Amino acid sequence: MSSATENMADMSYLGELQVEPDEAGKLGVSVVICAYTEKRWEQLCAAVKSALRQDPAPAEVLLVVDHNTALAARARHELAGVTVLESDEVPGLSGARNTGLRAATQPVTAFLDDDAEARPGWLAALIKPYASADVVATGGAVHPWWPGHAPRWLPEEFYWVVGCSYRGLPESVGPVRNPIGASMSMRTVPALQAGGFDVSVGRVGGRPAGCEETELAIRLTAGRPAAAVFYVPSAAVDHHVGPERLRLRYFLRRCWHEGISKASVVKLAGASAGLERERRHVAVVIPRAVLASLRQSVTGDPAAFGRFLALLAGVAATAGGFGYGRLRLTLTRRRPAA
């Protein structure tokens, strides 16, 4: 049993949810924003305001503070219109999201990052696919908000490194394996019944890991053949990209940790589901980008060769992290109990 399932085994709180008619536009929505540092205070305030300004408005906005009592106290004192909670699980984004998911009182729970701002119409577009009972989760487009100009060396195929939508995602509404965590929603009860977010996967503080939404999305759809996760590009948010994320060192470190996280997802969900999107990305999207960058470098784009090198380095770092993660998990399984 996964740690998420163990942590959420007591499902007695499910009966407290306010279940409304299962029609898009009539579904009540709880918006959950997770935060862990006061360094993002201004961005957090903007994220909260953008959620409260949605039309139709969410039934509630829950701010979950991840083990930072000073931040929780400040939020309770200065932020109006939100319910401030403190994470009651182990430190990390997965635990904080679980706290919000359990506290949500509405049939749909939407998640917005503390450094992202929802555009007008975000919430309405995000819940529209729930008109189909088979849709269990949705994700929206995440647009990078650069601290200046977009880095010309960073290929759009790797925008996931900075937590944003990347080239290779659908350009219109359609099914995907998993949403991007900065802009996503899910049916509350099925997500709880599936065990919530696994706390062994995902970001903790500044460690650039991820994949917690991937692993949960796989579990959400695994038990129902018709269940689907939909990507809705019009459900858009703008995601602040800090200057520290524009360095090559961060790029390689993020790719490495993504590989490690993918190894954990494969262990939990199997290789078929755990690497479904990645296989297509490496087999189709990346080779196309490599060829395009080489052509552009020949035709006079001086930054294209940098993108070419970044593509190769990103794939190598991610693959290396995946191999390391698999080896570490194998050695852990073989280690005799004390």
# chains A, B, ... in the order shown; residues from 1 in each chain; ligands from 1
>>> closest_atom_pairs(of="segment 167-282 of chain A", to="segment 48-61 of chain A", cutoff="12 Å", atoms="only C-alpha atoms", output="Markdown table")
| residue | atom | partner | partner_atom | distance |
| --- | --- | --- | --- | --- |
| A:Ser183 | CA | A:Ala51 | CA | 11.3 |
| A:Ala235 | CA | A:Gln54 | CA | 11.3 |
| A:Ala236 | CA | A:Ser50 | CA | 11.5 |
| A:Val237 | CA | A:Ser50 | CA | 9.4 |
| A:Asp238 | CA | A:Ser50 | CA | 10.4 |
>>> residues_around(residues="Leu62 of chain A", least_positions_apart="4", cutoff="9 Å", atoms="only C-alpha atoms", output="compact mmCIF listing (two decimals) with C-alpha atoms, in the first residue's frame")
# COMPACT_ATOMS: atom_id res chain seq x y z
CA SER A 30 -12.91 24.53 -3.67
CA VAL A 31 -9.68 26.26 -4.73
CA VAL A 32 -6.57 25.11 -2.85
CA ILE A 33 -3.36 27.15 -2.83
CA CYS A 34 -0.32 25.70 -1.05
CA VAL A 82 -9.60 32.70 2.46
CA THR A 83 -9.48 29.89 5.00
CA VAL A 84 -5.94 29.36 6.24
CA LEU A 85 -4.97 25.81 7.17
CA GLY A 100 -6.45 20.93 1.27
CA ALA A 103 -10.68 20.07 3.94
CA ALA A 104 -12.46 20.79 0.64
>>> residues_around(residues="segment 107-110 of chain A", least_positions_apart="4", cutoff="9 Å", atoms="only C-alpha atoms", output="list in words")
Leu17, Gln18, Val19, Glu20, Asp22, Leu27, Gly28, Val29, Ser30, Val31, Val32, Ile33, Gly100, Leu101, Leu123, Leu126, Ile127, Ala137, Thr138, Ser183, Met184, Ser185, Met186, Arg187, Thr188 and Val189 of chain A
>>> select_by_dssp(residues="segment 235-324 of chain A", states="strand (DSSP E or B)", output="VMD selection string")
chain A and resid 235 to 240
>>> atom_distance(atom1="atom CA of Thr318 of chain A", atom2="atom CA of His257 of chain A")
7.3 Å
>>> closest_residue(among="A:Ala310, A:Ala222, A:Ala141, A:Leu248", to="Arg119 of chain A", atoms="only C-alpha atoms")
A:Ala141
>>> residues_around(residues="Ala226 of chain A", least_positions_apart="6", cutoff="12 Å", atoms="only C-alpha atoms", output="list of chain:residue names")
A:Ser132, A:Ala133, A:Asp134, A:Val135, A:Val136, A:Pro175, A:Leu220
>>> closest_residue(among="A:Val232, A:Leu329, A:Ala73, A:Leu154", to="Phe308 of chain A", atoms="only C-alpha atoms")
A:Leu154
>>> residues_around(residues="Ala47 of chain A", least_positions_apart="4", cutoff="7 Å", atoms="only C-alpha atoms", output="PDB file with N, CA, C and O atoms, in the first residue's frame")
ATOM      1  N   GLN A  43       3.560  37.382  -4.445  1.00  0.00           N
ATOM      2  CA  GLN A  43       2.999  36.480  -5.450  1.00  0.00           C
ATOM      3  C   GLN A  43       1.825  35.696  -4.872  1.00  0.00           C
ATOM      4  O   GLN A  43       0.823  35.466  -5.549  1.00  0.00           O
ATOM      5  N   ALA A  51      -7.792  34.069  -7.710  1.00  0.00           N
ATOM      6  CA  ALA A  51      -8.772  32.996  -7.482  1.00  0.00           C
ATOM      7  C   ALA A  51     -10.112  33.568  -7.040  1.00  0.00           C
ATOM      8  O   ALA A  51     -11.175  33.130  -7.493  1.00  0.00           O
ATOM      9  N   ASP A 114       1.162  28.940  -5.586  1.00  0.00           N
ATOM     10  CA  ASP A 114       1.265  30.215  -4.873  1.00  0.00           C
ATOM     11  C   ASP A 114       2.031  31.268  -5.659  1.00  0.00           C
ATOM     12  O   ASP A 114       2.005  32.454  -5.305  1.00  0.00           O
ATOM     13  N   ASP A 115       2.715  30.857  -6.733  1.00  0.00           N
ATOM     14  CA  ASP A 115       3.417  31.832  -7.572  1.00  0.00           C
ATOM     15  C   ASP A 115       2.804  31.909  -8.969  1.00  0.00           C
ATOM     16  O   ASP A 115       3.484  32.223  -9.941  1.00  0.00           O
ATOM     17  N   ALA A 116       1.504  31.608  -9.045  1.00  0.00           N
ATOM     18  CA  ALA A 116       0.782  31.686 -10.324  1.00  0.00           C
ATOM     19  C   ALA A 116      -0.448  32.567 -10.157  1.00  0.00           C
ATOM     20  O   ALA A 116      -1.031  32.644  -9.067  1.00  0.00           O
ATOM     21  N   GLU A 117      -0.844  33.233 -11.236  1.00  0.00           N
ATOM     22  CA  GLU A 117      -2.044  34.065 -11.222  1.00  0.00           C
ATOM     23  C   GLU A 117      -3.011  33.547 -12.278  1.00  0.00           C
ATOM     24  O   GLU A 117      -2.645  33.407 -13.453  1.00  0.00           O
ATOM     25  N   ALA A 118      -4.232  33.255 -11.841  1.00  0.00           N
ATOM     26  CA  ALA A 118      -5.248  32.743 -12.757  1.00  0.00           C
ATOM     27  C   ALA A 118      -5.799  33.869 -13.621  1.00  0.00           C
ATOM     28  O   ALA A 118      -6.143  34.941 -13.116  1.00  0.00           O
TER      29      ALA A 118
END
>>> closest_residue(among="A:Tyr36, A:Phe322, A:Tyr130, A:Trp153", to="Asp113 of chain A", atoms="only C-alpha atoms")
A:Tyr36
>>> closest_residue(among="A:Asp66, A:Trp145, A:Gly168, A:Tyr231", to="Ala289 of chain A", atoms="only C-alpha atoms")
A:Gly168
>>> atom_distance(atom1="atom CA of Ala283 of chain A", atom2="atom CA of Pro155 of chain A")
16.2 Å
